[in-house]
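Here the structure is laid out as structure tokens; the discussion comes afterwards.
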Amino acid sequence: MNGSPVKIGLWGGSSSGKTTFLKSLAAAARSVSWVVGGSGEHQALSDEYLDETNMARQRDNAFSDATELEFVLQWRFAPGAGMQGTAFELTVRDVKGGWHETPTAQTDYVQYLADCAGLIYLFDPILDSDPEAGNHSTRNTDRMLRELTRIAAPGRRAGAAPLRHHVAVCVTKFDHPHFFPQLRAAGWATQDRDGQRQPRVKDRHAPAFFDWLCDRDVEQSYAREVKELITTHFAADRISYFVTSAIGFRLHGPGVTFDPTSDYVNFNEQGRGKRAQIIGDRRPINVIEPVLRLVESISRTPEARA
Ligand SMILES: Nc1nc2c(ncn2[C@@H]2O[C@H](COP(=O)(O)OP(=O)(O)OP(=O)(O)O)[C@@H](O)[C@H]2O)c(=O)[nH]1
Ligand SMILES: [Mg+2]
């Protein structure tokens with residue numbers, strides 16, 4: 001797809017993994033033999049985001065600080081030599097998660113989401129098991145969707161046509177030791193057949209996987225509330241689900257494939273108040289895939305670009 005950049009809104013609660021997702025895009029693109037580089041008026045900062053992996057490794061390889069400022073980013077993605085696909089430009093903003101303190105910032109952010117053709121919603125399953133954080137995250141989703149509806153479709157009433165956006169719902173932190181063993185025991189994880197044989201929840205199982213998340217805690221499921229909110233506001237055929245890890249699993253040496261009996265955790269907690277560190281290379285799982293899916297479905301529905 002050529003022409004003006006596709007606008008994708010990234011949205012999710014505080015600490016749901018937005019910045020890490022964006023900073024893993026270069027590694028994710030490489031893994032499918034695509035190339036990505038900063039472009040447009042924000043080229044320098046956008047390139048810096050992609051370089052972060054290398055720069056951070058030279059320093060301490062820690063996760064990024066919580067986002068306080070807003071970063072406007074623009075990248076050009078292109079298939080590598082011999083790869084299928086059409087190059088495209090993507091613009092996205094990295095903002096702090098949750099709800100914004102000032103009404104102006106709220107309106108500005110929701111207006112930006114309303115202007116996007118696609119949305120990536122990051123759902124954090126770790127915070128979801130924390131009642132207070134989960135509750136907070138659901139309330140934010142609820143407020144955001146009500147505001148989005150008010151701005152994107154003024155006068156829209158219950159039962160009216162859904163919003164035009166394409167939405168990729170990504171369950172983040174797939175690799176996390178508080179999450180992966182649970183989903184593995186429930187039979188959701190498969191392993192890639194080749195390459196590093198990283199675990200993955202197959203795309204075709206991802207919607208049912210999200211339902212499993214909704215049902216895993218019968219008492220209070222924020223996943224269920226989030227799903228209800230999203231399916232109420234967006235068209236069913238424009239919603240897709242992915243199970244994502246921005247950092248992937250740890251491998252113990254070059255050429256070694258994933259071994260579920262090894263220590264596969266790819267980060268180290270550093271104690272209270274300190275940011276965790278990523279141990280090995282980033283091996284993103286389902287980071288570039290939702291972007292490519294959104295861009296492809298947006299290109300088939302020109303009115304989505306509004
Ligand atoms: N295990 C694991 N942890 C992750 C992953 N991505 C993010 N995290 C953890 O989540 C924390 C927050 O990630 P960020 O990317 O900063 O989250 P954010 O949504 O940008 O947060 P705000 O900017 O504060 O809204 C990180 O410090 C990590 O501890 C992932 O793919 N796997
Ligand atoms: Mg951030």
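Residue names in the structure tokens use chain letters A, B, ... in the order shown, residue numbers from 1 in each chain, and ligand numbers from 1 in the order shown.
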Against ligand 2, which residues of chain A fall within 9 Å? For each one I want the closest pair of atoms and the distance in Å (one decimal), counting only C-alpha atoms and all ligand atoms, rows by chain and increasing residue number, as JSON lines.
```
{"residue": "A:Ser14", "atom": "CA", "partner": "ligand 2", "partner_atom_place_in_ligand_line": "1 (Mg)", "distance": 7.5}
{"residue": "A:Ser15", "atom": "CA", "partner": "ligand 2", "partner_atom_place_in_ligand_line": "1 (Mg)", "distance": 6.7}
{"residue": "A:Ser16", "atom": "CA", "partner": "ligand 2", "partner_atom_place_in_ligand_line": "1 (Mg)", "distance": 8.2}
{"residue": "A:Gly17", "atom": "CA", "partner": "ligand 2", "partner_atom_place_in_ligand_line": "1 (Mg)", "distance": 6.7}
{"residue": "A:Lys18", "atom": "CA", "partner": "ligand 2", "partner_atom_place_in_ligand_line": "1 (Mg)", "distance": 5.3}
{"residue": "A:Thr19", "atom": "CA", "partner": "ligand 2", "partner_atom_place_in_ligand_line": "1 (Mg)", "distance": 4.2}
{"residue": "A:Thr20", "atom": "CA", "partner": "ligand 2", "partner_atom_place_in_ligand_line": "1 (Mg)", "distance": 7.3}
{"residue": "A:Ser64", "atom": "CA", "partner": "ligand 2", "partner_atom_place_in_ligand_line": "1 (Mg)", "distance": 7.3}
{"residue": "A:Asp65", "atom": "CA", "partner": "ligand 2", "partner_atom_place_in_ligand_line": "1 (Mg)", "distance": 7.0}
{"residue": "A:Ala66", "atom": "CA", "partner": "ligand 2", "partner_atom_place_in_ligand_line": "1 (Mg)", "distance": 4.9}
{"residue": "A:Thr67", "atom": "CA", "partner": "ligand 2", "partner_atom_place_in_ligand_line": "1 (Mg)", "distance": 3.9}
{"residue": "A:Glu68", "atom": "CA", "partner": "ligand 2", "partner_atom_place_in_ligand_line": "1 (Mg)", "distance": 7.5}
{"residue": "A:Asp94", "atom": "CA", "partner": "ligand 2", "partner_atom_place_in_ligand_line": "1 (Mg)", "distance": 6.4}
{"residue": "A:Val95", "atom": "CA", "partner": "ligand 2", "partner_atom_place_in_ligand_line": "1 (Mg)", "distance": 6.1}
{"residue": "A:Lys96", "atom": "CA", "partner": "ligand 2", "partner_atom_place_in_ligand_line": "1 (Mg)", "distance": 5.2}
{"residue": "A:Gly97", "atom": "CA", "partner": "ligand 2", "partner_atom_place_in_ligand_line": "1 (Mg)", "distance": 6.7}
```
Prev. selection, C-alpha atoms, output as a PDB file, in the first residue's frame:
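Output file out-v1.pdb is given in full below:
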```
ATOM      1  CA  SER A  14      -0.572   1.418  32.155  1.00  0.00           C
ATOM      2  CA  SER A  15       2.288  -1.023  31.912  1.00  0.00           C
ATOM      3  CA  SER A  16       0.425  -3.236  29.452  1.00  0.00           C
ATOM      4  CA  GLY A  17       3.562  -3.304  27.255  1.00  0.00           C
ATOM      5  CA  LYS A  18       2.942  -0.592  24.636  1.00  0.00           C
ATOM      6  CA  THR A  19       6.465   0.832  24.522  1.00  0.00           C
ATOM      7  CA  THR A  20       8.096  -2.610  24.563  1.00  0.00           C
ATOM      8  CA  SER A  64      11.984   1.292  29.023  1.00  0.00           C
ATOM      9  CA  ASP A  65      10.800   3.704  31.685  1.00  0.00           C
ATOM     10  CA  ALA A  66       7.077   4.311  31.949  1.00  0.00           C
ATOM     11  CA  THR A  67       6.113   6.706  29.175  1.00  0.00           C
ATOM     12  CA  GLU A  68       5.432  10.254  30.385  1.00  0.00           C
ATOM     13  CA  ASP A  94       3.431   6.041  22.089  1.00  0.00           C
ATOM     14  CA  VAL A  95       1.600   7.542  25.021  1.00  0.00           C
ATOM     15  CA  LYS A  96       1.343   6.727  28.645  1.00  0.00           C
ATOM     16  CA  GLY A  97      -1.294   4.110  29.368  1.00  0.00           C
TER      17      GLY A  97
END
```
*asked:* Can you pull out the residues contacting A:Ile151? Cut-off 9 Å, using only C-alpha atoms, and skip same-chain residues under 6 positions away; I want them as a list in words.
replied: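 My list of contacting residues is Thr107, Val110, Gln111 and Ala114 of chain A.
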*Enumerate as a list in words all residues of stretch 102-203 of chain A assigned to strand (DSSP E) by DSSP on the backbone, naming them with the chain letters and numbers the document uses.*
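Those residues are Gly118, Leu119, Ile120, Tyr121, Leu122, Phe123, His166, Val167, Ala168, Val169, Cys170, Val171, Thr190, Gln191, Pro199 and Arg200 of chain A.
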*Can you check which residues of stretch 60-306 of chain A DSSP gives as alpha helix (DSSP H) on the backbone and send them as a PyMOL selection string?*
chain A and resi 103-115+125-128+131-152+180-185+206-215+222-233+288-300
*Which of A:Ser24, A:Gln182, A:Gln106, A:Ser221 sits closest to ligand 1 [using only C-alpha atoms and all ligand atoms]*: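 For ligand 1, the nearest of the candidates is A:Ser24.
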_Top pick for closest residue to A:Tyr112, considering A:Phe88, A:Phe179, A:Phe209, A:Trp11 and counting only C-alpha atoms_ =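 Selected residue with least distance to A:Tyr112: A:Trp11.
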